[in-house]
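Beneath this line is the structure, given in structure tokens, with notes to follow.
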Amino acid sequence: MKKSGVLEEAVINKEYIELLSDIKEKIKVSQLKASLSVNRHLIELYWDIGRSIIVRQATEKWGSGVIDSLAKDLQRDFPGKKGVSARNIWRMRAFYLAYPEETKLPQAVAEIPWGHNILLLEKIKDREQRFWYAKNTTEHGWSRPVLWHQIESGLYERQAISKKLTNFSSTLPPLQSELAIEIMKDKYNFEFLTLGEEYKERALHLGLMEHLQKFLVELGVGFAFVGSQYHLKVGNDDYYLDCLFYHLKLRSYIICELKIIEFKPEHAGKMNFYLAAVDAQLKHPGDHPSIGLILCKTKDDLKVEYTLQSSNRPIGVAEYQLVKSLPKEYLEDLPTTEQLANELKKFE
């Protein structure tokens, strides 16, 4: 009887734990929804205040001094309330001017925190680019430092509008192909690595493993790390994949091969072999076809396109950069090697 009672108690405890877990999850979801709702109302309020100021300044011919007056009066009438400083009211005005043609603030913009919106206003002038970052912030839950990093690394240019060299559209089902192309970048930023000019493939690989978290952030949301130098045995021979990942949205294994030289057609041939082996040995019935990602120091686009046309397995080819490149307008202002040499001669 005593044993039966222990079992019954264990069942009750298990059911209680499941109930408690279920309730806690519902509370968390409710808190998140409430937080999003409060944030949305606040952002819409700031946009509406900005619109009111713009309209009144236009009709009443008020100058910039009205902002200081509003800040003083609002701080007097709402003591202790944050967000009504002159600086923040100027930001509300600028916030409305960023989206003046909207009858209602776009959802992607309304759902991100005020600090994120300010960062977008200060860093990005293009409207579509701001929408893209706002949408991805909401979707991926980026903090403000992460959003800052993504902007500084030129993620929009590398992922949203760049030409991506893949054969996904001919080797994957339509929905998976679209998602695979969307998550891929034309150029991957590895500036967090500290490698000299003459580095070897092993040094690149070890550096990425040492900074695995930063590597995963650069790859994007959804990448789960499976293994480094992942071992496969095919026949009597052993093979080692540089990096093996599993993508949670694509439901696919992703093989990442690192090359410290320019892309060569034989790289794709080897990747085809690896993909066939992973599909045969690791892929589960519910998984989609495995995908290959070849990261090279440089690539000739035409050479890549010709190579991928003959491959029947999904492969993407991209470059990586170890040092963030300067914008074109800055490069034009830099002195040439000849100019630097002439300047140095003056001091000899």
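Residues in the structure tokens are named by chain (A, B, ... in the order shown) and by number from 1 within that chain; ligands are numbered from 1 in the order shown.
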Step one, run DSSP on the backbone; step two, keep only residues of stretch 204-242 of chain A assigned to strand (DSSP E); then write them as JSON, numbers by chain. {"A": [223, 224, 225, 226, 227, 228, 229, 230, 231, 232, 233, 234, 237, 238, 239, 240, 241, 242]}
List the neighbours of stretch 154-159 of chain A out to 9 Å using only C-alpha atoms; skip same-chain residues closer than 6 positions along the sequence, and give me the result as an mmCIF file with N, CA and C atoms, in the first residue's frame.
```
data_model
loop_
_atom_site.group_PDB
_atom_site.id
_atom_site.type_symbol
_atom_site.label_atom_id
_atom_site.label_comp_id
_atom_site.auth_asym_id
_atom_site.auth_seq_id
_atom_site.Cartn_x
_atom_site.Cartn_y
_atom_site.Cartn_z
ATOM 1 N N GLN A 129 14.819 50.930 -45.697
ATOM 2 C CA GLN A 129 15.851 50.300 -44.882
ATOM 3 C C GLN A 129 15.464 50.326 -43.406
ATOM 4 N N TRP A 132 12.944 47.667 -42.794
ATOM 5 C CA TRP A 132 13.556 46.332 -42.803
ATOM 6 C C TRP A 132 14.182 46.023 -41.455
ATOM 7 N N TYR A 133 14.940 46.977 -40.914
ATOM 8 C CA TYR A 133 15.573 46.768 -39.605
ATOM 9 C C TYR A 133 14.524 46.667 -38.492
ATOM 10 N N ILE A 181 17.285 31.685 -49.377
ATOM 11 C CA ILE A 181 17.874 32.871 -50.016
ATOM 12 C C ILE A 181 17.784 34.069 -49.082
ATOM 13 N N GLU A 182 16.671 34.182 -48.372
ATOM 14 C CA GLU A 182 16.457 35.323 -47.474
ATOM 15 C C GLU A 182 17.482 35.349 -46.335
ATOM 16 N N ILE A 183 17.783 34.185 -45.769
ATOM 17 C CA ILE A 183 18.679 34.174 -44.604
ATOM 18 C C ILE A 183 20.148 34.267 -44.998
ATOM 19 N N MET A 184 20.462 34.022 -46.269
ATOM 20 C CA MET A 184 21.859 34.029 -46.701
ATOM 21 C C MET A 184 22.338 35.460 -46.941
ATOM 22 N N LYS A 185 23.628 35.676 -46.762
ATOM 23 C CA LYS A 185 24.240 36.968 -47.026
ATOM 24 C C LYS A 185 25.214 36.841 -48.197
ATOM 25 N N ASP A 186 25.443 37.945 -48.884
ATOM 26 C CA ASP A 186 26.419 37.953 -49.969
ATOM 27 C C ASP A 186 27.833 38.014 -49.407
ATOM 28 N N LYS A 187 27.967 38.670 -48.243
ATOM 29 C CA LYS A 187 29.280 38.807 -47.617
ATOM 30 C C LYS A 187 29.119 38.680 -46.106
ATOM 31 N N TYR A 188 29.966 37.861 -45.491
ATOM 32 C CA TYR A 188 29.900 37.638 -44.048
ATOM 33 C C TYR A 188 31.023 38.420 -43.364
#
```
Neighbour list for stretch 47-64 of chain A as an mmCIF file with N, CA and C atoms, in the first residue's frame, cut-off 12 Å, only C-alpha atoms, skip fewer than 2 positions in-chain:
```
data_model
loop_
_atom_site.group_PDB
_atom_site.id
_atom_site.type_symbol
_atom_site.label_atom_id
_atom_site.label_comp_id
_atom_site.auth_asym_id
_atom_site.auth_seq_id
_atom_site.Cartn_x
_atom_site.Cartn_y
_atom_site.Cartn_z
ATOM 1 N N ARG A 40 3.540 49.848 -27.805
ATOM 2 C CA ARG A 40 2.895 50.332 -29.023
ATOM 3 C C ARG A 40 2.158 51.635 -28.766
ATOM 4 N N HIS A 41 1.442 51.696 -27.640
ATOM 5 C CA HIS A 41 0.702 52.916 -27.307
ATOM 6 C C HIS A 41 1.664 54.092 -27.084
ATOM 7 N N LEU A 42 2.795 53.823 -26.444
ATOM 8 C CA LEU A 42 3.764 54.879 -26.187
ATOM 9 C C LEU A 42 4.357 55.407 -27.492
ATOM 10 N N ILE A 43 4.758 54.502 -28.388
ATOM 11 C CA ILE A 43 5.357 54.907 -29.661
ATOM 12 C C ILE A 43 4.346 55.684 -30.505
ATOM 13 N N GLU A 44 3.105 55.212 -30.518
ATOM 14 C CA GLU A 44 2.062 55.923 -31.272
ATOM 15 C C GLU A 44 1.793 57.301 -30.667
ATOM 16 N N LEU A 45 1.864 57.386 -29.340
ATOM 17 C CA LEU A 45 1.685 58.681 -28.661
ATOM 18 C C LEU A 45 2.776 59.656 -29.088
ATOM 19 N N VAL A 66 9.141 76.996 -29.185
ATOM 20 C CA VAL A 66 7.959 76.343 -28.638
ATOM 21 C C VAL A 66 8.314 74.996 -27.999
ATOM 22 N N ILE A 67 9.383 74.347 -28.476
ATOM 23 C CA ILE A 67 9.788 73.047 -27.927
ATOM 24 C C ILE A 67 10.228 73.203 -26.472
ATOM 25 N N ASP A 68 11.049 74.212 -26.195
ATOM 26 C CA ASP A 68 11.509 74.451 -24.822
ATOM 27 C C ASP A 68 10.340 74.791 -23.910
ATOM 28 N N SER A 69 9.395 75.588 -24.420
ATOM 29 C CA SER A 69 8.216 75.953 -23.624
ATOM 30 C C SER A 69 7.375 74.731 -23.300
ATOM 31 N N LEU A 70 7.175 73.883 -24.289
ATOM 32 C CA LEU A 70 6.396 72.661 -24.072
ATOM 33 C C LEU A 70 7.070 71.770 -23.031
ATOM 34 N N ALA A 71 8.387 71.634 -23.130
ATOM 35 C CA ALA A 71 9.116 70.772 -22.194
ATOM 36 C C ALA A 71 8.961 71.274 -20.760
ATOM 37 N N GLY A 83 10.493 61.279 -20.474
ATOM 38 C CA GLY A 83 10.169 61.370 -21.894
ATOM 39 C C GLY A 83 9.646 62.711 -22.354
ATOM 40 N N VAL A 84 9.572 63.714 -21.458
ATOM 41 C CA VAL A 84 9.039 65.011 -21.888
ATOM 42 C C VAL A 84 10.124 66.100 -21.815
ATOM 43 N N ALA A 86 13.088 68.467 -23.491
ATOM 44 C CA ALA A 86 13.141 69.165 -24.780
ATOM 45 C C ALA A 86 13.796 68.282 -25.841
ATOM 46 N N ARG A 87 14.850 67.583 -25.441
ATOM 47 C CA ARG A 87 15.545 66.713 -26.391
ATOM 48 C C ARG A 87 14.634 65.622 -26.931
ATOM 49 N N ASN A 88 13.846 65.042 -26.037
ATOM 50 C CA ASN A 88 12.968 63.955 -26.472
ATOM 51 C C ASN A 88 11.807 64.474 -27.325
ATOM 52 N N ILE A 89 11.333 65.680 -27.013
ATOM 53 C CA ILE A 89 10.248 66.264 -27.825
ATOM 54 C C ILE A 89 10.759 66.573 -29.230
ATOM 55 N N TRP A 90 12.020 67.027 -29.332
ATOM 56 C CA TRP A 90 12.617 67.212 -30.653
ATOM 57 C C TRP A 90 12.648 65.870 -31.410
ATOM 58 N N ARG A 91 12.926 64.808 -30.669
ATOM 59 C CA ARG A 91 12.955 63.482 -31.299
ATOM 60 C C ARG A 91 11.563 63.071 -31.767
ATOM 61 N N MET A 92 10.536 63.383 -30.996
ATOM 62 C CA MET A 92 9.159 63.081 -31.412
ATOM 63 C C MET A 92 8.833 63.799 -32.713
ATOM 64 N N ARG A 93 9.260 65.036 -32.798
ATOM 65 C CA ARG A 93 9.034 65.827 -34.016
ATOM 66 C C ARG A 93 9.728 65.164 -35.212
ATOM 67 N N ALA A 94 10.986 64.776 -35.008
ATOM 68 C CA ALA A 94 11.739 64.106 -36.069
ATOM 69 C C ALA A 94 11.123 62.746 -36.406
ATOM 70 N N PHE A 95 10.585 62.071 -35.391
ATOM 71 C CA PHE A 95 9.952 60.767 -35.584
ATOM 72 C C PHE A 95 8.750 60.891 -36.518
ATOM 73 N N TYR A 96 7.947 61.917 -36.304
ATOM 74 C CA TYR A 96 6.800 62.102 -37.198
ATOM 75 C C TYR A 96 7.269 62.440 -38.612
ATOM 76 N N LEU A 97 8.280 63.289 -38.728
ATOM 77 C CA LEU A 97 8.773 63.689 -40.052
ATOM 78 C C LEU A 97 9.351 62.500 -40.824
ATOM 79 N N ALA A 98 9.760 61.447 -40.096
ATOM 80 C CA ALA A 98 10.278 60.249 -40.763
ATOM 81 C C ALA A 98 9.159 59.442 -41.418
ATOM 82 N N TYR A 99 7.940 59.595 -40.899
ATOM 83 C CA TYR A 99 6.784 58.862 -41.446
ATOM 84 C C TYR A 99 5.584 59.811 -41.585
ATOM 85 N N PRO A 100 5.727 60.911 -42.321
ATOM 86 C CA PRO A 100 4.667 61.928 -42.361
ATOM 87 C C PRO A 100 3.472 61.570 -43.228
ATOM 88 N N GLU A 101 3.663 60.649 -44.158
ATOM 89 C CA GLU A 101 2.587 60.330 -45.100
ATOM 90 C C GLU A 101 1.668 59.235 -44.583
ATOM 91 N N GLU A 102 1.978 58.678 -43.433
ATOM 92 C CA GLU A 102 1.183 57.582 -42.881
ATOM 93 C C GLU A 102 -0.026 58.129 -42.115
ATOM 94 N N THR A 103 -1.182 57.502 -42.322
ATOM 95 C CA THR A 103 -2.349 57.860 -41.505
ATOM 96 C C THR A 103 -2.277 57.138 -40.168
ATOM 97 N N LYS A 104 -1.494 56.062 -40.154
ATOM 98 C CA LYS A 104 -1.289 55.295 -38.932
ATOM 99 C C LYS A 104 0.152 54.795 -38.945
ATOM 100 N N LEU A 105 0.798 54.809 -37.805
ATOM 101 C CA LEU A 105 2.191 54.395 -37.735
ATOM 102 C C LEU A 105 2.338 52.929 -38.148
ATOM 103 N N PRO A 106 3.298 52.598 -39.039
ATOM 104 C CA PRO A 106 3.502 51.210 -39.466
ATOM 105 C C PRO A 106 3.724 50.278 -38.278
ATOM 106 N N VAL A 109 7.284 49.509 -36.945
ATOM 107 C CA VAL A 109 7.896 50.634 -36.229
ATOM 108 C C VAL A 109 7.265 50.786 -34.847
ATOM 109 N N ALA A 110 5.946 50.607 -34.771
ATOM 110 C CA ALA A 110 5.231 50.798 -33.496
ATOM 111 C C ALA A 110 5.586 49.731 -32.472
ATOM 112 N N TRP A 114 11.304 52.666 -28.026
ATOM 113 C CA TRP A 114 11.635 54.027 -28.428
ATOM 114 C C TRP A 114 13.140 54.178 -28.695
ATOM 115 N N ASN A 117 13.909 52.957 -32.076
ATOM 116 C CA ASN A 117 13.445 53.899 -33.103
ATOM 117 C C ASN A 117 14.383 55.095 -33.233
ATOM 118 N N ILE A 118 14.867 55.601 -32.107
ATOM 119 C CA ILE A 118 15.801 56.716 -32.144
ATOM 120 C C ILE A 118 17.077 56.319 -32.872
#
```
Neighbours of A:Val221 within 8 Å (only C-alpha atoms; same-chain residues fewer than 4 positions away dropped), as a list in words?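 Contacts, with the query itself left out: His140, Leu216 and Val217 of chain A.
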Can you spit out the residues from that selection as a JSON list (two decimals), in the first residue's frame, using N, CA, C and O atoms?
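After the write, result-v4.json holds the following:
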```json
[["chain", "number", "residue", "atom", "x", "y", "z"],
["A", 140, "HIS", "N", 13.23, 38.98, -34.56],
["A", 140, "HIS", "CA", 14.35, 38.28, -33.93],
["A", 140, "HIS", "C", 14.63, 38.73, -32.50],
["A", 140, "HIS", "O", 15.50, 38.16, -31.84],
["A", 216, "LEU", "N", 27.79, 32.67, -34.77],
["A", 216, "LEU", "CA", 26.37, 32.33, -34.90],
["A", 216, "LEU", "C", 25.51, 33.58, -35.10],
["A", 216, "LEU", "O", 24.56, 33.58, -35.87],
["A", 217, "VAL", "N", 25.86, 34.67, -34.40],
["A", 217, "VAL", "CA", 25.12, 35.94, -34.58],
["A", 217, "VAL", "C", 25.26, 36.41, -36.01],
["A", 217, "VAL", "O", 24.29, 36.86, -36.63]]
```
Find the distance between atom CA of A:Lys259 and atom CA of A:Pro174 and write it in Å to one decimal.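 Answer for the atom CA of A:Lys259 to atom CA of A:Pro174 separation: 29.2 Å.
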Could you pull the residues within 8 Å of stretch 134-137 of chain A, counting only C-alpha atoms, minus those fewer than 4 positions along the same chain, as number ranges by chain? A: 108-109, 112, 117, 130, 141-143, 147
Going by DSSP on the backbone, which bits of stretch 93-146 of chain A are alpha helix (DSSP H)? Write them as a PDB file with N, CA and C atoms, in the first residue's frame, please.
```
ATOM      1  N   ARG A  93       9.260  65.036 -32.798  1.00  0.00           N
ATOM      2  CA  ARG A  93       9.034  65.827 -34.016  1.00  0.00           C
ATOM      3  C   ARG A  93       9.728  65.164 -35.212  1.00  0.00           C
ATOM      4  N   ALA A  94      10.986  64.776 -35.008  1.00  0.00           N
ATOM      5  CA  ALA A  94      11.739  64.106 -36.069  1.00  0.00           C
ATOM      6  C   ALA A  94      11.123  62.746 -36.406  1.00  0.00           C
ATOM      7  N   PHE A  95      10.585  62.071 -35.391  1.00  0.00           N
ATOM      8  CA  PHE A  95       9.952  60.767 -35.584  1.00  0.00           C
ATOM      9  C   PHE A  95       8.750  60.891 -36.518  1.00  0.00           C
ATOM     10  N   TYR A  96       7.947  61.917 -36.304  1.00  0.00           N
ATOM     11  CA  TYR A  96       6.800  62.102 -37.198  1.00  0.00           C
ATOM     12  C   TYR A  96       7.269  62.440 -38.612  1.00  0.00           C
ATOM     13  N   LEU A  97       8.280  63.289 -38.728  1.00  0.00           N
ATOM     14  CA  LEU A  97       8.773  63.689 -40.052  1.00  0.00           C
ATOM     15  C   LEU A  97       9.351  62.500 -40.824  1.00  0.00           C
ATOM     16  N   ALA A  98       9.760  61.447 -40.096  1.00  0.00           N
ATOM     17  CA  ALA A  98      10.278  60.249 -40.763  1.00  0.00           C
ATOM     18  C   ALA A  98       9.159  59.442 -41.418  1.00  0.00           C
ATOM     19  N   GLN A 107       3.164  49.088 -38.346  1.00  0.00           N
ATOM     20  CA  GLN A 107       3.203  48.144 -37.228  1.00  0.00           C
ATOM     21  C   GLN A 107       4.624  47.800 -36.802  1.00  0.00           C
ATOM     22  N   ALA A 108       5.507  47.559 -37.784  1.00  0.00           N
ATOM     23  CA  ALA A 108       6.887  47.181 -37.448  1.00  0.00           C
ATOM     24  C   ALA A 108       7.580  48.260 -36.636  1.00  0.00           C
ATOM     25  N   VAL A 109       7.284  49.509 -36.945  1.00  0.00           N
ATOM     26  CA  VAL A 109       7.896  50.634 -36.229  1.00  0.00           C
ATOM     27  C   VAL A 109       7.265  50.786 -34.847  1.00  0.00           C
ATOM     28  N   ALA A 110       5.946  50.607 -34.771  1.00  0.00           N
ATOM     29  CA  ALA A 110       5.231  50.798 -33.496  1.00  0.00           C
ATOM     30  C   ALA A 110       5.586  49.731 -32.472  1.00  0.00           C
ATOM     31  N   TRP A 114      11.304  52.666 -28.026  1.00  0.00           N
ATOM     32  CA  TRP A 114      11.635  54.027 -28.428  1.00  0.00           C
ATOM     33  C   TRP A 114      13.140  54.178 -28.695  1.00  0.00           C
ATOM     34  N   GLY A 115      13.976  53.586 -27.849  1.00  0.00           N
ATOM     35  CA  GLY A 115      15.425  53.664 -28.054  1.00  0.00           C
ATOM     36  C   GLY A 115      15.847  53.076 -29.390  1.00  0.00           C
ATOM     37  N   HIS A 116      15.202  51.982 -29.805  1.00  0.00           N
ATOM     38  CA  HIS A 116      15.489  51.382 -31.111  1.00  0.00           C
ATOM     39  C   HIS A 116      15.092  52.340 -32.226  1.00  0.00           C
ATOM     40  N   ASN A 117      13.909  52.957 -32.076  1.00  0.00           N
ATOM     41  CA  ASN A 117      13.445  53.899 -33.103  1.00  0.00           C
ATOM     42  C   ASN A 117      14.383  55.095 -33.233  1.00  0.00           C
ATOM     43  N   ILE A 118      14.867  55.601 -32.107  1.00  0.00           N
ATOM     44  CA  ILE A 118      15.801  56.716 -32.144  1.00  0.00           C
ATOM     45  C   ILE A 118      17.077  56.319 -32.872  1.00  0.00           C
ATOM     46  N   LEU A 119      17.566  55.106 -32.608  1.00  0.00           N
ATOM     47  CA  LEU A 119      18.767  54.610 -33.268  1.00  0.00           C
ATOM     48  C   LEU A 119      18.556  54.551 -34.784  1.00  0.00           C
ATOM     49  N   LEU A 120      17.399  54.056 -35.208  1.00  0.00           N
ATOM     50  CA  LEU A 120      17.094  53.984 -36.635  1.00  0.00           C
ATOM     51  C   LEU A 120      17.020  55.376 -37.254  1.00  0.00           C
ATOM     52  N   LEU A 121      16.420  56.328 -36.530  1.00  0.00           N
ATOM     53  CA  LEU A 121      16.312  57.697 -37.031  1.00  0.00           C
ATOM     54  C   LEU A 121      17.689  58.337 -37.203  1.00  0.00           C
ATOM     55  N   GLU A 122      18.557  58.100 -36.238  1.00  0.00           N
ATOM     56  CA  GLU A 122      19.866  58.745 -36.260  1.00  0.00           C
ATOM     57  C   GLU A 122      20.831  58.093 -37.250  1.00  0.00           C
ATOM     58  N   LYS A 123      20.664  56.797 -37.488  1.00  0.00           N
ATOM     59  CA  LYS A 123      21.630  56.071 -38.299  1.00  0.00           C
ATOM     60  C   LYS A 123      21.199  55.860 -39.755  1.00  0.00           C
ATOM     61  N   ARG A 127      13.905  55.157 -45.911  1.00  0.00           N
ATOM     62  CA  ARG A 127      12.675  54.683 -45.283  1.00  0.00           C
ATOM     63  C   ARG A 127      12.547  53.159 -45.338  1.00  0.00           C
ATOM     64  N   GLU A 128      12.774  52.565 -46.513  1.00  0.00           N
ATOM     65  CA  GLU A 128      12.622  51.123 -46.659  1.00  0.00           C
ATOM     66  C   GLU A 128      13.636  50.366 -45.803  1.00  0.00           C
ATOM     67  N   GLN A 129      14.819  50.930 -45.697  1.00  0.00           N
ATOM     68  CA  GLN A 129      15.851  50.300 -44.882  1.00  0.00           C
ATOM     69  C   GLN A 129      15.464  50.326 -43.406  1.00  0.00           C
ATOM     70  N   ARG A 130      14.877  51.458 -42.958  1.00  0.00           N
ATOM     71  CA  ARG A 130      14.417  51.534 -41.563  1.00  0.00           C
ATOM     72  C   ARG A 130      13.337  50.496 -41.302  1.00  0.00           C
ATOM     73  N   PHE A 131      12.394  50.340 -42.238  1.00  0.00           N
ATOM     74  CA  PHE A 131      11.332  49.340 -42.089  1.00  0.00           C
ATOM     75  C   PHE A 131      11.932  47.944 -41.976  1.00  0.00           C
ATOM     76  N   TRP A 132      12.944  47.667 -42.794  1.00  0.00           N
ATOM     77  CA  TRP A 132      13.556  46.332 -42.803  1.00  0.00           C
ATOM     78  C   TRP A 132      14.182  46.023 -41.455  1.00  0.00           C
ATOM     79  N   TYR A 133      14.940  46.977 -40.914  1.00  0.00           N
ATOM     80  CA  TYR A 133      15.573  46.768 -39.605  1.00  0.00           C
ATOM     81  C   TYR A 133      14.524  46.667 -38.492  1.00  0.00           C
ATOM     82  N   ALA A 134      13.467  47.481 -38.577  1.00  0.00           N
ATOM     83  CA  ALA A 134      12.404  47.428 -37.567  1.00  0.00           C
ATOM     84  C   ALA A 134      11.717  46.067 -37.588  1.00  0.00           C
ATOM     85  N   LYS A 135      11.405  45.584 -38.780  1.00  0.00           N
ATOM     86  CA  LYS A 135      10.738  44.281 -38.924  1.00  0.00           C
ATOM     87  C   LYS A 135      11.613  43.158 -38.373  1.00  0.00           C
ATOM     88  N   ASN A 136      12.907  43.190 -38.676  1.00  0.00           N
ATOM     89  CA  ASN A 136      13.805  42.146 -38.200  1.00  0.00           C
ATOM     90  C   ASN A 136      14.051  42.246 -36.704  1.00  0.00           C
ATOM     91  N   THR A 137      14.016  43.465 -36.166  1.00  0.00           N
ATOM     92  CA  THR A 137      14.149  43.638 -34.719  1.00  0.00           C
ATOM     93  C   THR A 137      12.996  42.968 -33.995  1.00  0.00           C
ATOM     94  N   THR A 138      11.779  43.185 -34.505  1.00  0.00           N
ATOM     95  CA  THR A 138      10.594  42.561 -33.910  1.00  0.00           C
ATOM     96  C   THR A 138      10.637  41.047 -34.047  1.00  0.00           C
ATOM     97  N   GLU A 139      11.002  40.585 -35.240  1.00  0.00           N
ATOM     98  CA  GLU A 139      10.990  39.146 -35.522  1.00  0.00           C
ATOM     99  C   GLU A 139      12.041  38.384 -34.722  1.00  0.00           C
ATOM    100  N   HIS A 140      13.234  38.983 -34.556  1.00  0.00           N
ATOM    101  CA  HIS A 140      14.348  38.276 -33.927  1.00  0.00           C
ATOM    102  C   HIS A 140      14.628  38.730 -32.503  1.00  0.00           C
ATOM    103  N   ARG A 144      19.078  46.700 -28.378  1.00  0.00           N
ATOM    104  CA  ARG A 144      19.592  47.883 -29.051  1.00  0.00           C
ATOM    105  C   ARG A 144      21.067  47.719 -29.451  1.00  0.00           C
ATOM    106  N   PRO A 145      21.938  47.139 -28.586  1.00  0.00           N
ATOM    107  CA  PRO A 145      23.328  46.920 -29.030  1.00  0.00           C
ATOM    108  C   PRO A 145      23.426  46.003 -30.247  1.00  0.00           C
ATOM    109  N   VAL A 146      22.567  44.964 -30.292  1.00  0.00           N
ATOM    110  CA  VAL A 146      22.592  44.058 -31.448  1.00  0.00           C
ATOM    111  C   VAL A 146      22.128  44.799 -32.699  1.00  0.00           C
TER     112      VAL A 146
END
```
Compare A:Lys82, A:Glu191, A:His231, A:Phe263 by their minimum atom-to-atom distance to A:Asp300, counting only C-alpha atoms, and give me the closest one.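 Of A:Lys82, A:Glu191, A:His231, A:Phe263, the one nearest A:Asp300 is A:Phe263, counting only C-alpha atoms.
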Polymer residues at most 9 Å from stretch 273-282 of chain A, only C-alpha atoms, same-chain spacing of 6 or more positions, as a ChimeraX atom specification: /A:232-234,239,241,253-255,289-292,313-314
Deliver the residues from the most recent selection as a file, using N, CA, C and O atoms, as a PDB file, in the first residue's frame.
```pdb
ATOM      1  N   LEU A 232      32.655  12.185 -40.801  1.00  0.00           N
ATOM      2  CA  LEU A 232      31.812  11.303 -41.617  1.00  0.00           C
ATOM      3  C   LEU A 232      32.689  10.182 -42.158  1.00  0.00           C
ATOM      4  O   LEU A 232      33.816  10.435 -42.612  1.00  0.00           O
ATOM      5  N   LYS A 233      32.163   8.980 -42.118  1.00  0.00           N
ATOM      6  CA  LYS A 233      32.896   7.853 -42.694  1.00  0.00           C
ATOM      7  C   LYS A 233      32.136   7.372 -43.922  1.00  0.00           C
ATOM      8  O   LYS A 233      30.958   7.030 -43.849  1.00  0.00           O
ATOM      9  N   VAL A 234      32.794   7.404 -45.046  1.00  0.00           N
ATOM     10  CA  VAL A 234      32.200   6.954 -46.301  1.00  0.00           C
ATOM     11  C   VAL A 234      33.106   5.875 -46.881  1.00  0.00           C
ATOM     12  O   VAL A 234      34.262   6.157 -47.244  1.00  0.00           O
ATOM     13  N   TYR A 239      36.157  11.594 -43.494  1.00  0.00           N
ATOM     14  CA  TYR A 239      36.041  12.970 -43.963  1.00  0.00           C
ATOM     15  C   TYR A 239      35.612  13.851 -42.788  1.00  0.00           C
ATOM     16  O   TYR A 239      34.931  13.393 -41.871  1.00  0.00           O
ATOM     17  N   LEU A 241      33.913  17.644 -41.912  1.00  0.00           N
ATOM     18  CA  LEU A 241      33.269  18.880 -42.349  1.00  0.00           C
ATOM     19  C   LEU A 241      33.752  20.037 -41.481  1.00  0.00           C
ATOM     20  O   LEU A 241      33.820  19.905 -40.250  1.00  0.00           O
ATOM     21  N   TYR A 253      20.033  20.428 -42.399  1.00  0.00           N
ATOM     22  CA  TYR A 253      21.436  20.529 -42.014  1.00  0.00           C
ATOM     23  C   TYR A 253      22.104  21.518 -42.969  1.00  0.00           C
ATOM     24  O   TYR A 253      21.779  21.567 -44.161  1.00  0.00           O
ATOM     25  N   ILE A 254      23.050  22.298 -42.440  1.00  0.00           N
ATOM     26  CA  ILE A 254      23.797  23.235 -43.272  1.00  0.00           C
ATOM     27  C   ILE A 254      25.282  22.986 -43.052  1.00  0.00           C
ATOM     28  O   ILE A 254      25.791  23.079 -41.930  1.00  0.00           O
ATOM     29  N   ILE A 255      25.956  22.623 -44.142  1.00  0.00           N
ATOM     30  CA  ILE A 255      27.395  22.393 -44.099  1.00  0.00           C
ATOM     31  C   ILE A 255      28.093  23.690 -44.492  1.00  0.00           C
ATOM     32  O   ILE A 255      27.799  24.265 -45.538  1.00  0.00           O
ATOM     33  N   PRO A 289      16.147  18.817 -47.631  1.00  0.00           N
ATOM     34  CA  PRO A 289      17.508  18.547 -48.131  1.00  0.00           C
ATOM     35  C   PRO A 289      18.549  19.420 -47.460  1.00  0.00           C
ATOM     36  O   PRO A 289      18.309  20.585 -47.157  1.00  0.00           O
ATOM     37  N   SER A 290      19.709  18.842 -47.222  1.00  0.00           N
ATOM     38  CA  SER A 290      20.803  19.595 -46.615  1.00  0.00           C
ATOM     39  C   SER A 290      21.318  20.648 -47.589  1.00  0.00           C
ATOM     40  O   SER A 290      21.204  20.505 -48.807  1.00  0.00           O
ATOM     41  N   ILE A 291      21.899  21.713 -47.026  1.00  0.00           N
ATOM     42  CA  ILE A 291      22.333  22.864 -47.822  1.00  0.00           C
ATOM     43  C   ILE A 291      23.816  23.105 -47.580  1.00  0.00           C
ATOM     44  O   ILE A 291      24.304  22.985 -46.451  1.00  0.00           O
ATOM     45  N   GLY A 292      24.521  23.467 -48.631  1.00  0.00           N
ATOM     46  CA  GLY A 292      25.944  23.764 -48.525  1.00  0.00           C
ATOM     47  C   GLY A 292      26.201  25.263 -48.604  1.00  0.00           C
ATOM     48  O   GLY A 292      25.604  25.953 -49.430  1.00  0.00           O
ATOM     49  N   ARG A 313      22.443  19.798 -56.148  1.00  0.00           N
ATOM     50  CA  ARG A 313      22.229  19.930 -54.707  1.00  0.00           C
ATOM     51  C   ARG A 313      22.367  21.403 -54.310  1.00  0.00           C
ATOM     52  O   ARG A 313      23.154  22.144 -54.912  1.00  0.00           O
ATOM     53  N   PRO A 314      21.594  21.838 -53.301  1.00  0.00           N
ATOM     54  CA  PRO A 314      21.554  23.267 -52.951  1.00  0.00           C
ATOM     55  C   PRO A 314      22.866  23.776 -52.345  1.00  0.00           C
ATOM     56  O   PRO A 314      23.300  23.311 -51.288  1.00  0.00           O
TER      57      PRO A 314
END
```
All residues 12 Å or closer to A:Gly207, only C-alpha atoms, same chain fewer than 2 positions away omitted, as an MDAnalysis selection string: chainID A and resid 190:196 199:205 209:215 228 258 322
